[in-house]
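K.L.:
One structure coming up, written as structure tokens, with questions to follow.
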Number of protein chains: 2
Amino acid sequence: MSHNFAQDLEHCALPGALEAMGERWSFMILRSAISGVRHFEEFQATLGIARNILANRLARLVENGIMVRQPMLCDRRKVEYLMTAKGEDLVPAMIALRQWGEKWGSGAPCTPILADRRDGKPIRQICILSHDGRSLGLGDIAWLSVDEMRPVSCDAEHQGAPPEPAAA
Amino acid sequence: MSHNFAQDLEHCALPGALEAMGERWSFMILRSAISGVRHFEEFQATLGIARNILANRLARLVENGIMVRQPMLCDRRKVEYLMTAKGEDLVPAMIALRQWGEKWGSGAPCTPILADRRDGKPIRQICILSHDGRSLGLGDIAWLSVDEMRPVSCDAEHQGAPPEPAAA
């Protein structure tokens, strides 16, 4: 590694992300939200989570801007919790964790299957890609300082060879 | 959604993955391990974590097969902790979380920058891809049962149009 990554904890976004999301119930609440769960009672029944913990986690998700709490349009006495754009942006991380659990877990098939709505075919394994779409392993990536990094130039993107498709 | 995802918690790999990894210190320990930290004292100094919590989390990571604890080759009285292949497979999920924190966090630049070792250019945003490499949003994916899913056939892959590169 050309950079001592360990020294840079304070400038890394991972600790902040984990501060907001680094708790299994928060992920499980979002996982339910993706599938259409919106109400406190539904979350409680789906997840089997204690009511005080659920209330705490929902409040934290709202506080962090990951979910929004609002009266229902059809019945304003009822409240629903919806994912924000910030919350939806967590989905790739959630899917990566799910795929990891599937690969390294009990070996039991993971259902339902996440598929492309257009053709019904399963999505790819989430992976690290270079700027031009090559699949990168841990040994292919480096932690660079701003000085060491080379920008992804627009010229290179448009005048160079077409990007290679990522490995299937 | 064509499937009630909420009913299938017991067949989903996410709860198991979170059971093993759903705790912020576990991610932070792995993050240090990626940058070359190997010894208890180094983890402790880098992360500023209480010794009893660090010991507990390292033991859990070893128990879950994410790290391995072994005597050092050069000095067998010393012990080191290394990531296993199962641990390395968590890196895409960690990077996805880090990128999310970068995008939605304080707005401060996240350093060091994760780059392709080959050309020094920053890696892409981790995203959801279809079997043929199209970038998919949350609205483009569906949760399907095994019966509803269409397999990714080898013929279609090789005889059809070349896969579109994912959006940069």
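Ligands are numbered from 1 in the order shown, residues from 1 within each chain, and chains are lettered A, B, ... in the order they appear in the structure tokens.
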Could you give me, as a VMD selection string, the residues within 8 Å of range 64-69 of chain A, counting only C-alpha atoms and dropping anything in the same chain fewer than 6 positions from it?
P.N.:
chain A and resid 20 58 79 to 88
K.L.:
I need the chosen residues saved as a compact mmCIF listing (two decimals), in the first residue's frame, with all heavy atoms.
P.N.:
```txt
# COMPACT_ATOMS: atom_id res chain seq x y z
N ALA A 20 -24.16 6.19 11.61
CA ALA A 20 -25.57 6.30 11.22
C ALA A 20 -26.21 4.94 11.02
O ALA A 20 -27.40 4.76 11.29
CB ALA A 20 -25.69 7.13 9.94
N LEU A 58 -36.00 3.89 14.54
CA LEU A 58 -36.71 4.71 13.56
C LEU A 58 -36.39 6.19 13.79
O LEU A 58 -36.13 6.94 12.84
CB LEU A 58 -38.23 4.47 13.66
CG LEU A 58 -38.76 3.20 13.00
CD1 LEU A 58 -40.23 2.96 13.36
CD2 LEU A 58 -38.61 3.25 11.47
N VAL A 79 -49.38 7.62 10.57
CA VAL A 79 -48.02 8.04 10.24
C VAL A 79 -47.33 6.94 9.44
O VAL A 79 -47.54 5.76 9.71
CB VAL A 79 -47.25 8.34 11.55
CG1 VAL A 79 -45.75 8.29 11.34
CG2 VAL A 79 -47.69 9.68 12.13
N GLU A 80 -46.54 7.35 8.45
CA GLU A 80 -45.75 6.34 7.74
C GLU A 80 -44.29 6.77 7.68
O GLU A 80 -43.96 7.95 7.77
CB GLU A 80 -46.32 6.08 6.34
CG GLU A 80 -46.33 7.28 5.43
CD GLU A 80 -47.03 7.02 4.10
OE1 GLU A 80 -47.54 5.91 3.88
OE2 GLU A 80 -47.04 7.96 3.28
N TYR A 81 -43.44 5.78 7.56
CA TYR A 81 -42.00 5.99 7.45
C TYR A 81 -41.56 5.60 6.05
O TYR A 81 -41.81 4.48 5.61
CB TYR A 81 -41.25 5.14 8.47
CG TYR A 81 -41.50 5.56 9.90
CD1 TYR A 81 -42.59 5.06 10.61
CD2 TYR A 81 -40.65 6.46 10.52
CE1 TYR A 81 -42.82 5.45 11.93
CE2 TYR A 81 -40.87 6.86 11.84
CZ TYR A 81 -41.96 6.35 12.53
OH TYR A 81 -42.19 6.73 13.82
N LEU A 82 -40.92 6.53 5.34
CA LEU A 82 -40.48 6.26 3.97
C LEU A 82 -38.98 6.50 3.87
O LEU A 82 -38.43 7.36 4.56
CB LEU A 82 -41.21 7.20 3.00
CG LEU A 82 -42.73 7.11 2.99
CD1 LEU A 82 -43.32 8.20 2.10
CD2 LEU A 82 -43.19 5.73 2.53
N MET A 83 -38.33 5.77 2.98
CA MET A 83 -36.91 5.99 2.74
C MET A 83 -36.71 7.28 1.94
O MET A 83 -37.46 7.56 1.01
CB MET A 83 -36.32 4.84 1.92
CG MET A 83 -36.09 3.59 2.74
SD MET A 83 -35.66 2.21 1.67
CE MET A 83 -33.90 2.49 1.51
N THR A 84 -35.70 8.03 2.30
CA THR A 84 -35.32 9.21 1.51
C THR A 84 -34.34 8.77 0.42
O THR A 84 -33.94 7.60 0.35
CB THR A 84 -34.60 10.22 2.42
OG1 THR A 84 -33.42 9.58 2.93
CG2 THR A 84 -35.48 10.65 3.59
N ALA A 85 -33.93 9.72 -0.42
CA ALA A 85 -32.91 9.41 -1.43
C ALA A 85 -31.62 8.96 -0.75
O ALA A 85 -30.93 8.04 -1.23
CB ALA A 85 -32.65 10.66 -2.29
N LYS A 86 -31.31 9.56 0.39
CA LYS A 86 -30.12 9.15 1.15
C LYS A 86 -30.25 7.70 1.61
O LYS A 86 -29.28 6.94 1.59
CB LYS A 86 -29.95 10.09 2.36
CG LYS A 86 -28.74 9.82 3.22
CD LYS A 86 -28.62 10.86 4.33
CE LYS A 86 -27.45 10.57 5.25
NZ LYS A 86 -27.33 11.56 6.35
N GLY A 87 -31.45 7.32 2.03
CA GLY A 87 -31.70 5.95 2.45
C GLY A 87 -31.59 4.98 1.27
O GLY A 87 -30.98 3.92 1.36
N GLU A 88 -32.17 5.37 0.14
CA GLU A 88 -32.14 4.50 -1.04
C GLU A 88 -30.71 4.27 -1.52
O GLU A 88 -30.38 3.23 -2.07
CB GLU A 88 -32.99 5.10 -2.16
CG GLU A 88 -34.48 5.06 -1.82
CD GLU A 88 -35.36 5.53 -2.97
OE1 GLU A 88 -34.83 5.96 -4.00
OE2 GLU A 88 -36.60 5.48 -2.80
```
K.L.:
Give me, as number ranges by chain, the residues of chain A touching chain B, with the criterion being at most 6 Å (counting only C-alpha atoms).
P.N.:
A: 5-6, 11-14, 17-18, 22-24, 32, 35, 92-93, 96-98, 101-102, 110-117, 120-121, 123-124, 127-131, 140-145, 149-152, 165
K.L.:
Quick one: distance from CA of Arg77 in chain A to CA of Ile49 in chain A in Å, one decimal?
P.N.:
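A separation of 23.8 Å between them.
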K.L.:
Quick one: pull the distance between CA of Asn56 in chain B and CA of Gln44 in chain B, Å, one decimal.
P.N.:
12.4 Å
